[in-house]
file data-v2.cif (mmCIF, C-alpha atoms)
data_upload
loop_
_atom_site.label_atom_id
_atom_site.label_comp_id
_atom_site.auth_asym_id
_atom_site.auth_seq_id
_atom_site.Cartn_x
_atom_site.Cartn_y
_atom_site.Cartn_z
CA MET X 29 -10.89 3.17 22.49
CA THR X 30 -14.04 1.17 21.77
CA ALA X 31 -14.10 -2.62 21.47
CA LEU X 32 -14.59 -2.22 17.70
CA ASP X 33 -11.48 0.00 17.52
CA GLU X 34 -9.60 -2.63 19.50
CA ILE X 35 -10.59 -5.31 16.97
CA LYS X 36 -9.30 -3.06 14.17
CA ARG X 37 -6.02 -2.57 16.04
CA LEU X 38 -5.57 -6.28 16.67
CA ALA X 39 -6.48 -7.12 13.06
CA GLN X 40 -3.87 -4.65 11.78
CA LYS X 41 -1.31 -6.14 14.16
CA GLU X 42 -1.77 -9.53 12.47
CA PHE X 43 -1.46 -8.08 8.95
CA PRO X 44 2.33 -8.63 8.48
CA LEU X 45 1.91 -12.30 9.46
CA PHE X 46 -1.07 -12.58 7.12
CA ILE X 47 0.95 -11.17 4.20
CA LYS X 48 3.77 -13.63 5.00
CA TYR X 49 1.19 -16.42 5.00
CA ILE X 50 -0.02 -15.23 1.57
CA CYS X 51 3.52 -14.82 0.20
CA ASP X 52 4.68 -18.23 1.41
CA GLY X 53 1.68 -19.88 -0.16
CA LEU X 54 2.05 -18.03 -3.47
CA THR X 55 5.78 -18.61 -3.84
CA GLY X 56 5.60 -22.24 -2.76
CA ALA X 57 8.00 -21.67 0.13
CA LEU X 58 5.75 -23.91 2.22
CA VAL X 59 2.28 -25.34 2.19
CA GLN X 60 -0.13 -22.68 3.42
CA ASN X 61 -0.73 -22.93 7.13
CA THR X 62 -4.26 -24.31 7.34
CA HIS X 63 -4.42 -23.24 10.99
CA PHE X 64 -4.08 -19.49 10.22
CA PHE X 65 -7.84 -19.37 9.93
CA PRO X 66 -9.96 -19.20 11.93
CA MET X 67 -7.99 -16.22 13.31
CA PRO X 68 -9.00 -15.50 16.91
CA VAL X 69 -9.24 -11.90 18.14
CA ARG X 70 -8.72 -11.62 21.87
CA VAL X 71 -10.53 -8.52 23.13
CA ASN X 72 -10.30 -7.96 26.86
CA PHE X 73 -13.66 -7.20 28.51
CA ALA X 74 -12.34 -7.42 32.06
CA LYS X 75 -13.14 -3.82 33.05
CA GLU X 76 -16.52 -3.74 31.35
CA ALA X 77 -17.56 -7.09 32.90
CA GLU X 78 -18.21 -5.28 36.20
CA ASN X 79 -20.82 -3.06 34.55
CA PRO X 80 -23.55 -5.16 32.87
CA GLU X 81 -25.09 -2.16 31.03
CA GLU X 82 -21.75 -1.07 29.60
CA LYS X 83 -20.91 -4.62 28.56
CA ALA X 84 -24.31 -5.02 26.89
CA GLN X 85 -23.75 -1.80 24.92
CA ILE X 86 -20.31 -2.99 23.76
CA LEU X 87 -21.64 -6.39 22.72
CA SER X 88 -24.49 -4.72 20.82
CA GLU X 89 -22.03 -2.57 18.83
CA LEU X 90 -19.85 -5.61 18.10
CA TYR X 91 -22.87 -7.63 16.98
CA GLU X 92 -24.16 -4.90 14.62
CA ASN X 93 -20.77 -4.74 12.87
CA SER X 94 -20.08 -8.49 12.80
CA LYS X 95 -20.39 -11.09 10.06
CA ASN X 96 -23.47 -12.34 11.90
CA VAL X 97 -25.24 -9.18 10.64
CA CYS X 98 -23.13 -7.80 7.78
CA GLY X 99 -22.28 -11.07 6.03
CA THR X 100 -18.50 -10.51 6.17
CA GLY X 101 -15.90 -9.58 8.79
CA TYR X 102 -15.39 -11.02 12.24
CA THR X 103 -17.75 -13.64 13.64
CA LEU X 104 -19.17 -13.65 17.15
CA GLU X 105 -19.41 -17.25 18.32
CA ILE X 106 -22.25 -17.50 20.83
CA GLU X 107 -22.59 -20.40 23.26
CA LEU X 108 -25.68 -21.37 25.22
CA VAL X 109 -24.71 -21.87 28.87
CA SER X 110 -26.97 -23.29 31.56
CA THR X 111 -26.74 -21.62 34.98
CA ARG X 112 -28.57 -22.34 38.21
CA SER X 113 -29.46 -18.75 39.02
CA LYS X 114 -30.42 -17.42 35.58
CA GLY X 115 -31.19 -20.51 33.57
CA ASN X 116 -29.95 -20.73 29.99
CA ARG X 117 -27.86 -17.73 28.90
CA LYS X 118 -26.15 -16.75 25.66
CA VAL X 119 -22.47 -16.15 26.29
CA LEU X 120 -19.86 -14.79 23.88
CA LYS X 121 -17.45 -17.69 23.42
CA ARG X 122 -14.94 -15.99 21.11
CA ILE X 123 -14.43 -13.44 18.33
CA CYS X 124 -12.65 -14.63 15.20
CA PHE X 125 -12.20 -14.26 11.46
CA LEU X 126 -13.32 -17.56 9.99
CA THR X 127 -11.82 -17.17 6.52
CA GLU X 128 -9.27 -15.19 4.54
CA ASP X 129 -12.07 -13.36 2.72
CA ASP X 130 -13.71 -12.35 6.00
CA TYR X 131 -10.44 -10.90 7.28
CA LEU X 132 -9.65 -9.06 4.04
CA ALA X 133 -13.15 -7.65 3.75
CA PHE X 134 -12.88 -6.28 7.29
CA MET X 135 -9.42 -4.78 6.66
CA ILE X 136 -10.54 -3.14 3.41
CA LYS X 137 -13.74 -1.76 4.90
CA SER X 138 -12.01 -0.41 8.02
CA SER X 139 -9.45 1.42 5.83
CA LEU X 140 -12.22 3.55 4.31
CA PRO X 141 -13.66 6.75 5.84
CA GLU X 142 -16.69 6.00 8.00
CA SER X 143 -18.96 7.85 5.54
CA LEU X 144 -18.09 5.30 2.82
CA GLN X 145 -17.98 2.11 4.87
CA ALA X 146 -21.70 1.40 4.70
CA GLU X 147 -21.72 1.65 0.88
CA SER X 148 -18.50 -0.28 0.28
CA GLU X 149 -18.57 -3.55 -1.62
CA CYS X 150 -15.35 -5.40 -0.87
CA GLU X 151 -13.73 -7.48 -3.60
CA THR X 152 -11.16 -9.88 -2.15
CA GLU X 153 -10.88 -12.32 -5.03
CA GLY X 154 -8.00 -10.54 -6.77
CA PHE X 155 -5.96 -9.74 -3.64
CA ASN X 156 -3.68 -12.79 -3.77
CA GLU X 157 -3.07 -12.38 -7.48
CA ALA X 158 -2.13 -8.72 -7.00
CA ILE X 159 0.34 -9.61 -4.23
CA PHE X 160 1.83 -12.35 -6.42
CA VAL X 161 2.35 -9.91 -9.34
CA ILE X 162 4.08 -7.44 -7.02
CA ILE X 163 6.35 -10.17 -5.61
CA GLU X 164 7.23 -11.29 -9.13
CA SER X 165 8.03 -7.72 -10.21
CA GLY X 166 10.83 -7.43 -7.64
CA LEU X 167 9.88 -3.79 -7.04
CA LEU X 168 9.51 -4.24 -3.29
CA LEU X 169 11.62 -6.11 -0.79
CA GLU X 170 9.70 -8.85 1.00
CA LYS X 171 10.02 -7.00 4.31
CA ASP X 172 8.42 -3.88 2.78
CA ILE X 173 5.38 -5.62 1.28
CA PRO X 174 3.19 -5.68 4.46
CA ASP X 175 3.50 -1.91 5.08
CA TRP X 176 2.92 -1.15 1.40
CA ALA X 177 -0.06 -3.51 1.20
CA LEU X 178 -1.67 -2.02 4.30
CA LYS X 179 -1.39 1.51 2.85
CA HIS X 180 -2.89 0.35 -0.45
CA ILE X 181 -5.30 -2.30 0.76
CA GLU X 182 -8.29 -0.50 -0.76
CA GLU X 183 -6.71 -0.63 -4.25
CA LEU X 184 -5.67 -4.26 -3.70
CA GLY X 185 -9.24 -5.16 -2.83
CA ARG X 186 -10.85 -3.21 -5.65
CA TYR X 187 -12.31 -4.97 -8.67
CA HIS X 188 -10.52 -4.04 -11.91
CA GLU X 189 -12.13 -4.82 -15.27
CA ASP X 190 -8.66 -4.99 -16.84
CA ASP X 191 -7.31 -8.47 -16.11
CA HIS X 192 -3.75 -7.13 -16.50
CA PHE X 193 -4.21 -4.13 -14.19
CA TRP X 194 -1.46 -5.02 -11.72
CA GLN X 195 0.89 -6.34 -14.42
CA ASN X 196 0.60 -2.97 -16.19
CA ILE X 197 1.09 -1.02 -12.95
CA CYS X 198 4.31 -2.95 -12.27
CA LYS X 199 5.48 -2.69 -15.89
CA VAL X 200 5.29 1.13 -15.79
CA ALA X 201 6.91 1.26 -12.33
CA ARG X 202 9.80 -1.00 -13.39
CA TRP X 203 10.45 1.08 -16.50
CA LEU X 204 10.47 4.35 -14.58
CA LYS X 205 12.81 2.86 -11.99
CA SER X 206 15.27 1.81 -14.71
CA ASN X 207 14.97 4.92 -16.89
CA LYS X 208 15.35 7.96 -14.68
CA ASN X 209 15.38 11.39 -16.33
CA CYS X 210 14.20 10.07 -19.68
CA ASN X 211 12.71 13.48 -20.63
CA LEU X 212 9.72 11.91 -22.35
CA TYR X 213 6.05 12.75 -22.13
CA ILE X 214 3.82 9.97 -20.80
CA ARG X 215 2.35 9.45 -24.27
CA GLU X 216 5.89 8.86 -25.62
CA LEU X 217 6.78 5.96 -23.33
CA PRO X 218 7.82 2.83 -25.29
CA PHE X 219 4.95 0.60 -24.12
CA ILE X 220 2.22 3.14 -24.70
CA ASN X 221 0.58 1.06 -27.46
CA SER X 222 -0.29 -1.61 -24.90
CA ILE X 223 -0.78 0.68 -21.88
CA PRO X 224 -2.88 3.78 -22.62
CA PRO X 225 -1.62 7.16 -21.31
CA LYS X 226 -4.93 7.56 -19.48
CA PHE X 227 -4.15 4.41 -17.45
CA ILE X 228 -0.90 5.96 -16.21
CA GLU X 229 -2.57 9.33 -15.54
CA GLU X 230 -5.26 7.67 -13.41
CA ASN X 231 -2.81 5.55 -11.38
CA LYS X 232 0.12 7.91 -10.77
CA ASN X 233 0.10 7.55 -6.98
CA LEU X 234 0.01 3.75 -7.12
CA ILE X 235 2.82 3.57 -9.69
CA HIS X 236 4.90 6.07 -7.71
CA SER X 237 4.51 4.02 -4.51
CA LEU X 238 6.15 1.01 -6.21
CA VAL X 239 9.07 3.05 -7.55
CA THR X 240 9.95 4.77 -4.27
CA GLN X 241 8.69 4.95 -0.70
CA ASP X 242 9.16 8.74 -0.71
CA ALA X 243 6.11 10.95 -1.16
CA ILE X 244 5.73 12.89 -4.41
CA LYS X 245 7.81 16.04 -3.96
CA ILE X 246 6.87 18.23 -6.92
CA SER X 247 4.79 16.21 -9.37
CA PHE X 248 4.71 12.66 -10.70
CA GLU X 249 6.35 13.78 -13.93
CA ALA X 250 9.05 15.92 -12.32
CA ASP X 251 9.93 13.28 -9.71
CA HIS X 252 10.43 10.60 -12.38
CA GLY X 253 12.21 12.67 -15.00
CA LEU X 254 9.21 12.84 -17.32
CA LEU X 255 8.04 15.87 -19.24
CA GLY X 256 4.62 17.18 -18.32
CA LYS X 257 2.53 20.28 -18.22
CA GLN X 258 5.04 22.99 -17.50
CA THR X 259 5.18 24.36 -13.99
CA THR X 260 5.82 28.07 -14.35
CA VAL X 261 6.87 30.91 -12.06
CA ARG X 262 5.48 34.41 -12.43
CA PHE X 263 7.54 37.35 -11.16
CA ARG X 264 7.96 41.10 -11.49
CA SER X 265 10.40 43.82 -10.50
CA LEU X 266 9.26 46.16 -7.74
CA CYS X 267 11.28 49.13 -8.89
CA LYS X 268 11.84 51.05 -12.13
CA GLU X 269 15.59 51.14 -11.52
CA VAL X 270 15.85 47.39 -11.98
CA PRO X 271 13.59 46.54 -14.95
CA LEU X 272 13.12 43.09 -16.44
CA MET X 273 14.82 43.35 -19.82
CA LEU X 274 14.25 41.15 -22.86
CA GLY X 275 16.76 42.51 -25.38
CA GLN X 276 15.86 46.18 -25.69
CA MET X 277 12.33 45.65 -24.34
CA GLU X 278 11.44 46.53 -20.75
CA LEU X 279 8.85 44.10 -19.34
CA LYS X 280 6.45 44.58 -16.44
CA GLU X 281 6.62 40.91 -15.51
CA LEU X 282 7.71 37.50 -16.75
CA THR X 283 6.36 33.94 -16.55
CA VAL X 284 8.93 31.22 -17.17
CA PRO X 285 9.16 27.43 -16.62
CA ILE X 286 10.54 26.46 -13.23
CA GLU X 287 13.62 24.97 -14.93
CA ASP X 288 14.43 28.36 -16.43
CA PHE X 289 13.60 30.20 -13.21
CA CYS X 290 16.19 28.05 -11.43
CA MET X 291 18.78 29.39 -13.89
CA LEU X 292 17.70 33.02 -13.52
CA PRO X 293 21.07 34.25 -12.13
CA LYS X 294 22.63 33.47 -15.53
CA SER X 295 20.21 35.88 -17.24
CA GLY X 296 21.67 38.98 -15.59
CA ILE X 297 18.20 39.99 -14.36
CA LEU X 298 19.23 39.59 -10.73
CA GLN X 299 22.34 41.73 -11.03
CA ASP X 300 20.98 44.62 -8.94
CA ILE X 301 18.36 42.71 -6.90
CA GLU X 302 18.83 42.74 -3.12
CA ASN X 303 15.48 41.47 -1.76
CA VAL X 304 12.95 38.86 -2.85
CA PHE X 305 9.28 38.77 -1.78
CA ILE X 306 7.08 35.68 -2.20
CA VAL X 307 3.37 36.60 -2.32
CA GLU X 308 0.43 34.19 -2.13
CA THR X 309 -2.45 35.90 -3.95
CA GLU X 310 -2.49 37.35 -7.45
CA MET X 311 -4.04 40.75 -6.67
CA VAL X 312 -1.58 41.48 -3.86
CA TYR X 313 1.24 40.39 -6.18
CA LEU X 314 0.04 42.79 -8.90
CA THR X 315 -0.43 45.73 -6.51
CA PHE X 316 2.57 45.14 -4.24
CA PRO X 317 4.07 48.59 -3.57
CA GLU X 318 7.31 49.77 -5.16
CA CYS X 319 10.34 48.60 -3.24
CA PRO X 320 14.00 49.40 -4.04
CA LYS X 321 16.03 46.65 -5.69
CA SER X 322 13.38 44.01 -5.02
CA LEU X 323 11.76 41.16 -6.90
CA CYS X 324 8.22 39.86 -6.26
CA ILE X 325 7.26 36.21 -6.95
CA LEU X 326 3.70 34.90 -7.15
CA ALA X 327 3.50 31.51 -5.42
CA GLN X 328 -0.10 30.52 -4.80
CA GLY X 329 -0.88 27.89 -2.18
CA TYR X 330 1.00 24.62 -2.45
CA ASN X 331 2.78 25.82 -5.62
CA ALA X 332 5.19 27.68 -3.35
CA ASN X 333 6.89 24.32 -2.75
CA ILE X 334 8.42 24.37 -6.24
CA LEU X 335 10.63 27.28 -5.16
CA LYS X 336 12.65 24.76 -3.13
CA LEU X 337 14.28 23.85 -6.44
CA CYS X 338 15.81 27.33 -6.70
CA ASP X 339 19.00 27.27 -4.66
CA TRP X 340 19.84 30.84 -5.68
CA LEU X 341 17.03 32.09 -3.40
CA LYS X 342 19.25 31.15 -0.44
CA GLU X 343 21.58 33.99 -1.36
CA TYR X 344 19.04 36.83 -0.89
CA PRO X 345 17.02 38.30 1.96
CA LEU X 346 13.79 36.36 1.40
CA TYR X 347 10.31 37.31 2.63
CA TYR X 348 7.13 35.20 2.55
CA PHE X 349 3.82 37.09 2.55
CA GLY X 350 0.94 34.63 2.76
CA ASN X 351 -2.55 34.72 4.19
CA CYS X 352 -2.76 34.64 7.96
CA SER X 353 -4.10 31.07 8.03
CA GLU X 354 -3.01 27.70 9.39
CA ASN X 355 -2.16 26.46 5.90
CA SER X 356 -0.07 29.51 5.03
CA PHE X 357 1.88 29.20 8.27
CA GLY X 358 2.37 25.54 7.36
CA MET X 359 3.80 26.62 3.99
CA LEU X 360 6.00 29.21 5.70
CA SER X 361 7.37 26.47 7.95
CA SER X 362 7.90 24.12 5.00
CA LEU X 363 9.82 26.72 2.99
CA ARG X 364 11.89 27.79 6.00
CA GLY X 365 12.97 24.18 6.42
CA TYR X 366 14.81 24.70 3.14
CA PHE X 367 15.50 28.46 3.17
CA GLU X 368 16.94 29.43 6.55
CA ASN X 369 17.08 33.04 5.31
CA LEU X 370 13.28 33.21 4.94
CA LYS X 371 11.33 35.72 7.05
CA SER X 372 7.60 36.29 7.23
CA PHE X 373 6.01 39.58 6.22
CA CYS X 374 2.69 40.86 7.67
CA MET X 375 1.98 37.49 9.26
CA ASP X 376 1.74 38.37 12.94
CA MET X 377 -0.73 39.31 15.66
CA SER X 378 -0.35 43.04 14.88
CA THR X 379 -1.70 42.44 11.37
CA ILE X 380 -4.43 40.10 12.61
CA ASN X 381 -5.56 42.60 15.26
CA ALA X 382 -5.56 45.44 12.72
CA TYR X 383 -7.95 43.46 10.50
CA LYS X 384 -9.86 41.41 13.06
CA SER X 385 -13.18 42.37 11.46
CA CYS X 386 -12.02 40.67 8.23
CA LEU X 387 -11.33 37.29 9.80
CA GLN X 388 -13.36 34.45 8.32
CA LYS X 389 -13.50 30.65 8.28
CA GLY X 390 -10.61 29.32 6.20
CA GLU X 391 -10.03 26.11 4.28
CA ALA X 392 -9.58 22.86 6.18
CA SER X 393 -6.05 22.71 7.51
CA PHE X 394 -3.57 20.27 5.97
CA VAL X 395 -1.29 20.96 8.98
CA GLN X 396 -1.78 18.19 11.56
CA THR X 397 0.59 19.55 14.21
CA ILE X 398 2.09 22.92 15.11
CA PRO X 399 4.50 23.77 12.27
CA PRO X 400 8.06 23.25 13.57
CA ASN X 401 9.89 26.14 11.89
CA LEU X 402 8.01 29.18 13.20
CA ASP X 403 9.51 31.88 15.40
CA TYR X 404 7.79 33.06 18.59
CA ALA X 405 5.62 35.78 17.00
CA GLU X 406 4.56 33.52 14.13
CA ASN X 407 3.78 30.71 16.56
CA GLN X 408 1.54 33.01 18.59
CA ALA X 409 -0.36 34.03 15.47
CA TYR X 410 -0.71 30.40 14.36
CA LEU X 411 -2.06 29.30 17.76
CA PHE X 412 -4.55 32.18 17.81
CA LEU X 413 -5.92 31.11 14.42
CA HIS X 414 -5.86 27.43 15.36
CA ASP X 415 -8.02 28.17 18.41
CA SER X 416 -10.47 30.31 16.40
CA ALA X 417 -12.21 27.65 14.32
CA GLU X 418 -14.85 29.93 12.78
CA LYS X 419 -12.55 32.92 12.22
CA ASN X 420 -9.18 31.39 11.45
CA CYS X 421 -8.17 33.12 8.22
CA LEU X 422 -7.22 36.66 7.26
CA SER X 423 -6.86 36.83 3.48
CA GLN X 424 -4.01 39.09 2.47
CA ASP X 425 -6.38 40.64 -0.10
CA ASN X 426 -8.01 42.44 2.85
CA ILE X 427 -4.75 44.11 3.89
CA SER X 428 -4.54 47.62 2.45
CA ILE X 429 -1.71 48.86 0.25
CA GLU X 430 -1.09 51.62 2.82
CA TYR X 431 -0.59 49.02 5.58
CA ILE X 432 1.86 47.08 3.39
CA GLN X 433 3.75 50.28 2.58
CA LYS X 434 4.13 51.08 6.27
CA ALA X 435 5.29 47.51 6.97
CA LEU X 436 7.90 47.83 4.18
CA ALA X 437 9.12 51.15 5.57
CA GLN X 438 9.45 49.61 9.03
CA LEU X 439 11.20 46.54 7.60
CA PHE X 440 13.91 48.47 5.81
CA HIS X 441 14.23 50.95 8.66
CA ASP X 442 14.98 48.02 10.99
CA CYS X 443 17.46 46.63 8.46
#
call {"tool": "encode", "arguments": {"input": "data-v2.cif", "output": "structure tokens"}}
result
Amino acid sequence: MTALDEIKRLAQKEFPLFIKYICDGLTGALVQNTHFFPMPVRVNFAKEAENPEEKAQILSELYENSKNVCGTGYTLEIELVSTRSKGNRKVLKRICFLTEDDYLAFMIKSSLPESLQAESECETEGFNEAIFVIIESGLLLEKDIPDWALKHIEELGRYHEDDHFWQNICKVARWLKSNKNCNLYIRELPFINSIPPKFIEENKNLIHSLVTQDAIKISFEADHGLLGKQTTVRFRSLCKEVPLMLGQMELKELTVPIEDFCMLPKSGILQDIENVFIVETEMVYLTFPECPKSLCILAQGYNANILKLCDWLKEYPLYYFGNCSENSFGMLSSLRGYFENLKSFCMDMSTINAYKSCLQKGEASFVQTIPPNLDYAENQAYLFLHDSAEKNCLSQDNISIEYIQKALAQLFHDC
């Protein structure tokens, strides 16, 4: 950890006390503590002091990122000391944040990715007002405000042309919290004449964070009982003996809203189904080989998560056939956390080795750690891909129909 990283850590450590200082001052609980600033930052240079070159390098980095150079942030207070052996020397007396604006500007800037920090223009003027509006709304408990504010410090420090930005954010959040499952579209909400639908669309994550601390599970609309663009599920029968019937018409496939798909057992379509396959890519879904008494569902990428709403899938042998990639194994793990009956299909080292020449660089992984719900064979395949940065994805589109047919034959032979 560099000295600059240590300053960031120490500054974050003081953030709950800083928010309490702000809250107390805004609510009139006490006169603001005039001694909160300057805020000293005590960085320990004991180890580096033994190595003059290393200490000089650290001090140079601290100076380049300080208020002395950048105009905001922490200040390096330098003192001129007279010594017998080396004459007058400049010595670092202390590191501190002189004002509230300096501290906030540093916190906002350090919350951004490094690529954006140099271009950032911090606005701290509206921070206190935003915190006051949130306190007044009653949406968050006082003890939860510091954590929430730290997660959203960039938005709190951003300049908003709309003077009522935070009032409108809280107004929408309060209404959603009090009117669950209203079954309205965003443009039908009762305050829409004063708060444009576009405002809500652009600030969904911020509004959601004030309604609940839980992450968005399906979509903003679905999580808050609003109507939105329909999330649909596309599926087809894998055998002629069990057709999808609509009256007297035999259909090759169906696409229905997720709400209707959840009620599929009531349709009678599943009467003779014994197996369900979940496939990631459209072409493999369309060309998936015939399979007795089986249903095939297209669930591309993250959309597979919506299947967690369908409890009836727990009652069938369930197979997930995704790409051999870190993200697909992450999705497999996520689904298996809900469907204990879920097995992988063609997602193992045998498949990877059979198509090693087709391996390519995949999308950046959203999986930060080894997925927890993989079996031994799946874990081995995941680790192989994880350690092969330039060739860490086998698209299932490269797997031949003949290979899939053989895997199906082996699967049902083992069963």
call {"tool": "resolve_selection", "arguments": {"input": "data-v2.cif", "expression": "the PyMOL selection byres ((chain X and resi 369) around 10)", "output": "PDB file with C-alpha atoms, keeping the file's coordinate frame"}}
result
ATOM      1  CA  LEU X 341      17.030  32.090  -3.400  1.00  0.00           C
ATOM      2  CA  LYS X 342      19.250  31.150  -0.440  1.00  0.00           C
ATOM      3  CA  GLU X 343      21.580  33.990  -1.360  1.00  0.00           C
ATOM      4  CA  TYR X 344      19.040  36.830  -0.890  1.00  0.00           C
ATOM      5  CA  PRO X 345      17.020  38.300   1.960  1.00  0.00           C
ATOM      6  CA  LEU X 346      13.790  36.360   1.400  1.00  0.00           C
ATOM      7  CA  TYR X 347      10.310  37.310   2.630  1.00  0.00           C
ATOM      8  CA  LEU X 363       9.820  26.720   2.990  1.00  0.00           C
ATOM      9  CA  ARG X 364      11.890  27.790   6.000  1.00  0.00           C
ATOM     10  CA  GLY X 365      12.970  24.180   6.420  1.00  0.00           C
ATOM     11  CA  TYR X 366      14.810  24.700   3.140  1.00  0.00           C
ATOM     12  CA  PHE X 367      15.500  28.460   3.170  1.00  0.00           C
ATOM     13  CA  GLU X 368      16.940  29.430   6.550  1.00  0.00           C
ATOM     14  CA  LEU X 370      13.280  33.210   4.940  1.00  0.00           C
ATOM     15  CA  LYS X 371      11.330  35.720   7.050  1.00  0.00           C
TER      16      LYS X 371
END
call {"tool": "resolve_selection", "arguments": {"input": "data-v2.cif", "expression": "the PyMOL selection byres ((chain X and resi 252) around 8)", "output": "PDB file with C-alpha atoms, in the frame of the given file"}}
result
ATOM      1  CA  LEU X 204      10.470   4.350 -14.580  1.00  0.00           C
ATOM      2  CA  LYS X 208      15.350   7.960 -14.680  1.00  0.00           C
ATOM      3  CA  ASN X 209      15.380  11.390 -16.330  1.00  0.00           C
ATOM      4  CA  PHE X 248       4.710  12.660 -10.700  1.00  0.00           C
ATOM      5  CA  GLU X 249       6.350  13.780 -13.930  1.00  0.00           C
ATOM      6  CA  ALA X 250       9.050  15.920 -12.320  1.00  0.00           C
ATOM      7  CA  ASP X 251       9.930  13.280  -9.710  1.00  0.00           C
ATOM      8  CA  GLY X 253      12.210  12.670 -15.000  1.00  0.00           C
ATOM      9  CA  LEU X 254       9.210  12.840 -17.320  1.00  0.00           C
TER      10      LEU X 254
END
call {"tool": "resolve_selection", "arguments": {"input": "data-v2.cif", "expression": "the PyMOL selection byres ((chain X and resi 185) around 9)", "output": "MDAnalysis selection string"}}
result
chainID X and resid 132:133 136 150:155 158 180:184 186:187
call {"tool": "closest_residue", "arguments": {"input": "data-v2.cif", "among": "X:Ser372, X:Asn221, X:Ser165, X:Asn351", "to": "X:Cys198", "atoms": "only C-alpha atoms"}}
result
X:Ser165
call {"tool": "residues_around", "arguments": {"input": "data-v2.cif", "residues": "stretch 381-384 of chain X", "least_positions_apart": "3", "cutoff": "10 Å", "atoms": "all atoms listed in the file", "output": "JSON, numbers by chain"}}
result
{"X": [376, 377, 378, 387, 388, 419, 421, 422, 423, 424, 426, 427, 428, 431]}
call {"tool": "closest_residue", "arguments": {"input": "data-v2.cif", "among": "X:Leu90, X:Leu335, X:Ile228, X:Leu298", "to": "X:Thr259", "atoms": "only C-alpha atoms"}}
result
X:Leu335
call {"tool": "residues_around", "arguments": {"input": "data-v2.cif", "residues": "X:Cys319", "least_positions_apart": "5", "cutoff": "8 Å", "atoms": "all atoms listed in the file", "output": "PyMOL selection string"}}
result
chain X and resi 266-267+436
call {"tool": "closest_residue", "arguments": {"input": "data-v2.cif", "among": "X:Leu178, X:Cys98, X:Ile306, X:Leu126", "to": "X:Gln40", "atoms": "all atoms listed in the file"}}
result
X:Leu178
call {"tool": "residues_near_point", "arguments": {"input": "data-v2.cif", "point": "(5.5, 33.9, 1.3)", "cutoff": "12 Å", "atoms": "all atoms listed in the file", "output": "mmCIF file with C-alpha atoms, keeping the file's coordinate frame"}}
result
data_model
loop_
_atom_site.group_PDB
_atom_site.id
_atom_site.type_symbol
_atom_site.label_atom_id
_atom_site.label_comp_id
_atom_site.auth_asym_id
_atom_site.auth_seq_id
_atom_site.Cartn_x
_atom_site.Cartn_y
_atom_site.Cartn_z
ATOM 1 C CA VAL X 304 12.950 38.860 -2.850
ATOM 2 C CA PHE X 305 9.280 38.770 -1.780
ATOM 3 C CA ILE X 306 7.080 35.680 -2.200
ATOM 4 C CA VAL X 307 3.370 36.600 -2.320
ATOM 5 C CA GLU X 308 0.430 34.190 -2.130
ATOM 6 C CA THR X 309 -2.450 35.900 -3.950
ATOM 7 C CA VAL X 312 -1.580 41.480 -3.860
ATOM 8 C CA TYR X 313 1.240 40.390 -6.180
ATOM 9 C CA CYS X 324 8.220 39.860 -6.260
ATOM 10 C CA ILE X 325 7.260 36.210 -6.950
ATOM 11 C CA LEU X 326 3.700 34.900 -7.150
ATOM 12 C CA ALA X 327 3.500 31.510 -5.420
ATOM 13 C CA GLN X 328 -0.100 30.520 -4.800
ATOM 14 C CA GLY X 329 -0.880 27.890 -2.180
ATOM 15 C CA TYR X 330 1.000 24.620 -2.450
ATOM 16 C CA ASN X 331 2.780 25.820 -5.620
ATOM 17 C CA ALA X 332 5.190 27.680 -3.350
ATOM 18 C CA ASN X 333 6.890 24.320 -2.750
ATOM 19 C CA LEU X 335 10.630 27.280 -5.160
ATOM 20 C CA LEU X 346 13.790 36.360 1.400
ATOM 21 C CA TYR X 347 10.310 37.310 2.630
ATOM 22 C CA TYR X 348 7.130 35.200 2.550
ATOM 23 C CA PHE X 349 3.820 37.090 2.550
ATOM 24 C CA GLY X 350 0.940 34.630 2.760
ATOM 25 C CA ASN X 351 -2.550 34.720 4.190
ATOM 26 C CA CYS X 352 -2.760 34.640 7.960
ATOM 27 C CA ASN X 355 -2.160 26.460 5.900
ATOM 28 C CA SER X 356 -0.070 29.510 5.030
ATOM 29 C CA PHE X 357 1.880 29.200 8.270
ATOM 30 C CA GLY X 358 2.370 25.540 7.360
ATOM 31 C CA MET X 359 3.800 26.620 3.990
ATOM 32 C CA LEU X 360 6.000 29.210 5.700
ATOM 33 C CA SER X 361 7.370 26.470 7.950
ATOM 34 C CA SER X 362 7.900 24.120 5.000
ATOM 35 C CA LEU X 363 9.820 26.720 2.990
ATOM 36 C CA ARG X 364 11.890 27.790 6.000
ATOM 37 C CA PHE X 367 15.500 28.460 3.170
ATOM 38 C CA LEU X 370 13.280 33.210 4.940
ATOM 39 C CA LYS X 371 11.330 35.720 7.050
ATOM 40 C CA SER X 372 7.600 36.290 7.230
ATOM 41 C CA PHE X 373 6.010 39.580 6.220
ATOM 42 C CA CYS X 374 2.690 40.860 7.670
ATOM 43 C CA MET X 375 1.980 37.490 9.260
ATOM 44 C CA GLN X 424 -4.010 39.090 2.470
#
call {"tool": "residues_around", "arguments": {"input": "data-v2.cif", "residues": "X:Val200", "least_positions_apart": "3", "cutoff": "12 Å", "atoms": "all atoms listed in the file", "output": "PyMOL selection string"}}
result
chain X and resi 165+167+193-197+203-207+214+217-220+222-225+227-229+231-232+234-239+252
call {"tool": "closest_residue", "arguments": {"input": "data-v2.cif", "among": "X:Pro68, X:Gly390, X:Pro271, X:Pro80", "to": "X:Ile35", "atoms": "all atoms listed in the file"}}
result
X:Pro68
